[in-house]
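Asks: One structure follows; several queries about it will come next.
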Amino acid sequence: MRVDSLSTASGPTISWRVLECWGAGISLFFQAGALLPLILADADGALSDSARSILRLPCIPIYVFTAVILIRNFPQFLTALRRNLLVPLILALPFLSTLWSIAPPTTLRRAIGLLFCVLLSYVLAIRFTPRQLLFLLFVTLGACIVLSVLISVVSPALATMPDGAMRGVFIHKNVLGWYAALMILVATAVLIDGTFGLRRTAFILLAGGIICLASSGSMTAIIATSVAFCLIGFYSLLQRSSSIGRVVIVLFFIQLSVGILISLHEFLVPALEALGKDATLTGRVPLWELVDREISDRWMLGYGYQAFWTTENPVATHMWFKIGWAAPHAHNGYRDILLSFGIVGMIPFAVMLPHAIRQGAMLHCHDAQYGWLWLNVLTIMILVMNLTESIFFVQNDAIFILFTTAIIMFSLYAPVVSVSHSPSWQGSRVAL
């Protein structure tokens, strides 16, 4: 007989659902890198080896929570695995890459961290509906944004980068920008949804997200936010259109996206130079030129999962010397996949993405009651972020966890929705 509550000796009862909600929210808060890394970092936001060791400690209870919830819901976990075999296949790549990695111990250690992050994605996907996950993020990201605004008022020196940009409760302004962009999306989705009865709170958090986004000065986050609002319009129009109309809208959107990408590739740098702006995209352009050369040297298998950007790699050290700064990654998620796994890793990832996007759009059009709009926008928003940042396959990172959760959710619901708009296996789920 399954027990759905926990009792203490004095009598109070705590339901497992409460533990799931609190555990998931706290896990996402810590995986976002809020507050604790800022306390342990120096003035420039750098973390010492001892600080990094301390930051690993909160991951242990998160891993335990993840394991316990998956064991309690093992049949649903197996269902999620079966409905998208590409996710476990891609998850196996970091472990397989230890066979050819230039730093096998580093690859193996980080692969284990990535494993538990993806397992947390499975927890979120099987235990929360899209609308429930939206509310969970609304509370979690709201706490990050409110704390960022408060700490910038109470302790401006702590919440500000040396260059004057706001970083809030995070160690870098760009990280604040990313989560501010997500907060803006989530708050907007809550306002559009209208079923939560939190319009005033949503407006407040939306304003807080805009303040943090503008104060951070993160161009990646600003562009991603702009794309998010365009996507909200696109998906809303897609849902209201007929079958033929949807085909026309999708084709137009694809052509427009390709045209914009080509234009950016050809004219962005000249335009920045003409405006007197940094044409190197804060050092990214020369970095990408060097990274592309290294990718071509080991294009088949790469260097092993997250083994390239280490002090033990003389190639990376030489690259840092040439560009004049120690890049922690390629500042491009797609290039970092190639550095880690080569073409062998990029192919299944490239196959998975359009399939997930198609499933998400189908769910949004045919199963609107679950609130799929924001998850569709989030997925493409993160794809855009990875054009100038590296978020793919980052262990202990809330954004990648949410990205993987969206893909798992799409594959989990899509086969059921094609048969019925009311998934029977979700019948026992308790409403948030």
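Labels used: A, B, ... for chains in the order of the structure tokens, numbers from 1 for residues in each chain, and numbers from 1 for ligands as shown.
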Write out as a PyMOL selection string which residues come within 6 Å of segment 117-127 of chain A when counting only C-alpha atoms, dropping same-chain ones fewer than 6 positions away.

Replies: chain A and resi 66+396+401+405+409

Asks: Mind dumping the selected residues with C-alpha atoms as a short mmCIF file (atom, residue, chain, number, x, y, z; two decimals), in the first residue's frame?

Replies:
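Below you can see part_12.cif, which holds the result:
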```cif
data_model
loop_
_atom_site.label_atom_id
_atom_site.label_comp_id
_atom_site.auth_asym_id
_atom_site.auth_seq_id
_atom_site.Cartn_x
_atom_site.Cartn_y
_atom_site.Cartn_z
CA THR A 66 15.60 13.67 -7.21
CA ASN A 396 23.87 22.15 -12.04
CA ILE A 401 17.24 21.77 -16.54
CA THR A 405 12.18 19.46 -18.93
CA MET A 409 7.28 17.11 -21.42
#
```

Asks: Using only C-alpha atoms, can you tell me which of A:Phe138, A:Phe229, A:Tyr305, A:Phe393 comes closest to Ser97 of chain A?

Replies: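 Residue with the minimum atom-to-atom distance to Ser97 of chain A: A:Tyr305.
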
Asks: I'd like the neighbourhood of Ile399 of chain A as a compact mmCIF listing (two decimals) with C-alpha atoms, in the first residue's frame, where a residue qualifies if any of its atoms comes within 12 Å (using only C-alpha atoms), though same-chain residues fewer than 2 positions away should be ignored.

Replies:
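Written file, around_6.txt:
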```txt
# COMPACT_ATOMS: atom_id res chain seq x y z
CA LEU A 28 15.70 25.20 -8.94
CA PHE A 29 16.66 28.13 -6.69
CA PHE A 30 20.02 26.59 -5.81
CA GLN A 31 20.62 25.33 -9.35
CA ALA A 32 20.08 28.88 -10.57
CA GLY A 33 23.20 29.87 -8.63
CA CYS A 117 20.44 17.50 -13.45
CA VAL A 118 18.67 15.68 -16.26
CA SER A 121 14.24 17.41 -15.40
CA LEU A 137 8.87 29.11 -11.66
CA LEU A 141 12.25 33.23 -10.15
CA VAL A 175 23.33 35.53 -15.23
CA TRP A 178 19.18 35.53 -18.20
CA TYR A 179 16.93 34.98 -15.20
CA ALA A 180 15.38 38.42 -15.55
CA ALA A 181 14.48 37.49 -19.13
CA LEU A 182 12.92 34.24 -17.91
CA MET A 183 11.04 36.17 -15.20
CA LEU A 378 11.05 29.08 -23.43
CA THR A 379 12.53 26.34 -25.62
CA MET A 381 14.33 31.42 -26.26
CA ILE A 382 17.07 29.18 -24.83
CA LEU A 383 18.13 28.18 -28.34
CA MET A 385 20.58 32.44 -25.85
CA ASN A 386 23.03 29.74 -26.89
CA GLU A 389 26.29 31.94 -24.43
CA SER A 390 26.92 28.30 -23.50
CA ILE A 391 24.00 26.77 -21.63
CA PHE A 392 23.62 23.38 -23.31
CA PHE A 393 24.84 20.41 -21.25
CA VAL A 394 25.88 22.55 -18.28
CA GLN A 395 25.64 20.60 -15.04
CA ASN A 396 23.87 22.15 -12.04
CA ASP A 397 22.24 24.82 -14.18
CA ILE A 401 17.24 21.77 -16.54
CA LEU A 402 14.18 23.71 -17.72
CA PHE A 403 15.19 23.27 -21.36
CA THR A 404 15.44 19.50 -20.92
CA THR A 405 12.18 19.46 -18.93
CA ALA A 406 10.36 21.11 -21.83
```

Asks: Which residue gives the smallest distance to Met362 of chain A among A:Arg200, A:Arg246, A:Arg17, A:Arg52, with only C-alpha atoms counted?

Replies: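 Comparing A:Arg200, A:Arg246, A:Arg17, A:Arg52 against Met362 of chain A, the winner is A:Arg246.
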
Asks: One decimal, in Å: what's the spacing between atom CA of Lys173 of chain A and atom CA of Ser215 of chain A?

Replies: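 Atom-to-atom, atom CA of Lys173 of chain A to atom CA of Ser215 of chain A, that is 8.5 Å.
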
Asks: Take atom CA of Cys59 of chain A and atom CA of Gly113 of chain A and report the distance between them in Å, one decimal.

Replies: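 These atoms are spaced 8.8 Å apart.
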
Asks: Can you tell me how far atom CA of Leu115 of chain A sits from atom CA of Asn174 of chain A, in Å to one decimal?

Replies: 25.3 Å

Asks: Which one is closest to Leu86 of chain A: A:Met352, A:Ile223, A:Leu133, A:Cys230? Count only C-alpha atoms.

Replies: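 Looking only at the distances to Leu86 of chain A, the closest residue turns out to be A:Met352.
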
Asks: Looking at only C-alpha atoms, which of A:Phe170, A:Leu339, A:Val68, A:Pro156 is the one that sits closest to Ala316 of chain A?

Replies: A:Leu339

Asks: As JSON, numbers by chain, which residues of segment 215-374 of chain A does DSSP assign to helix (DSSP H, G or I)?

Replies: {"A": [215, 216, 219, 220, 221, 222, 223, 224, 225, 226, 227, 228, 229, 230, 231, 232, 233, 234, 235, 236, 237, 238, 239, 240, 243, 244, 245, 246, 247, 248, 249, 250, 251, 252, 253, 254, 255, 256, 257, 258, 259, 260, 261, 262, 263, 264, 265, 266, 267, 268, 269, 270, 271, 272, 273, 274, 275, 284, 285, 286, 287, 288, 289, 290, 291, 292, 293, 294, 295, 296, 297, 314, 315, 316, 317, 318, 319, 320, 321, 322, 323, 333, 334, 335, 336, 337, 338, 339, 340, 341, 342, 343, 344, 345, 346, 347, 348, 349, 350, 351, 352, 353, 354, 355, 356, 357, 358, 359, 360, 361, 362, 363, 364, 365, 366, 368, 369, 370, 373, 374]}

Asks: Give me, as a ChimeraX atom specification, all polymer residues having an atom no more than 12 Å from Leu290 of chain A, counting only C-alpha atoms and skipping those fewer than 3 positions away in the same chain.

Replies: /A:283-287,293-297,315-316,318-323,327,330,335,339

Asks: Between A:Phe116, A:Phe95, A:Phe135, A:Phe74, which has the minimum distance to Ile62 of chain A (counting only C-alpha atoms)?

Replies: A:Phe116

Asks: Which residues are close to Phe253 of chain A, i.e. within 9 Å by only C-alpha atoms, leaving aside same-chain residues fewer than 5 positions away? Reply as a short mmCIF file (atom, residue, chain, number, x, y, z; two decimals) with C-alpha atoms, in the first residue's frame.

Replies:
```cif
data_model
loop_
_atom_site.label_atom_id
_atom_site.label_comp_id
_atom_site.auth_asym_id
_atom_site.auth_seq_id
_atom_site.Cartn_x
_atom_site.Cartn_y
_atom_site.Cartn_z
CA PHE A 234 3.66 33.73 -33.41
CA VAL A 248 1.76 29.21 -44.24
CA VAL A 258 16.77 32.21 -41.72
#
```
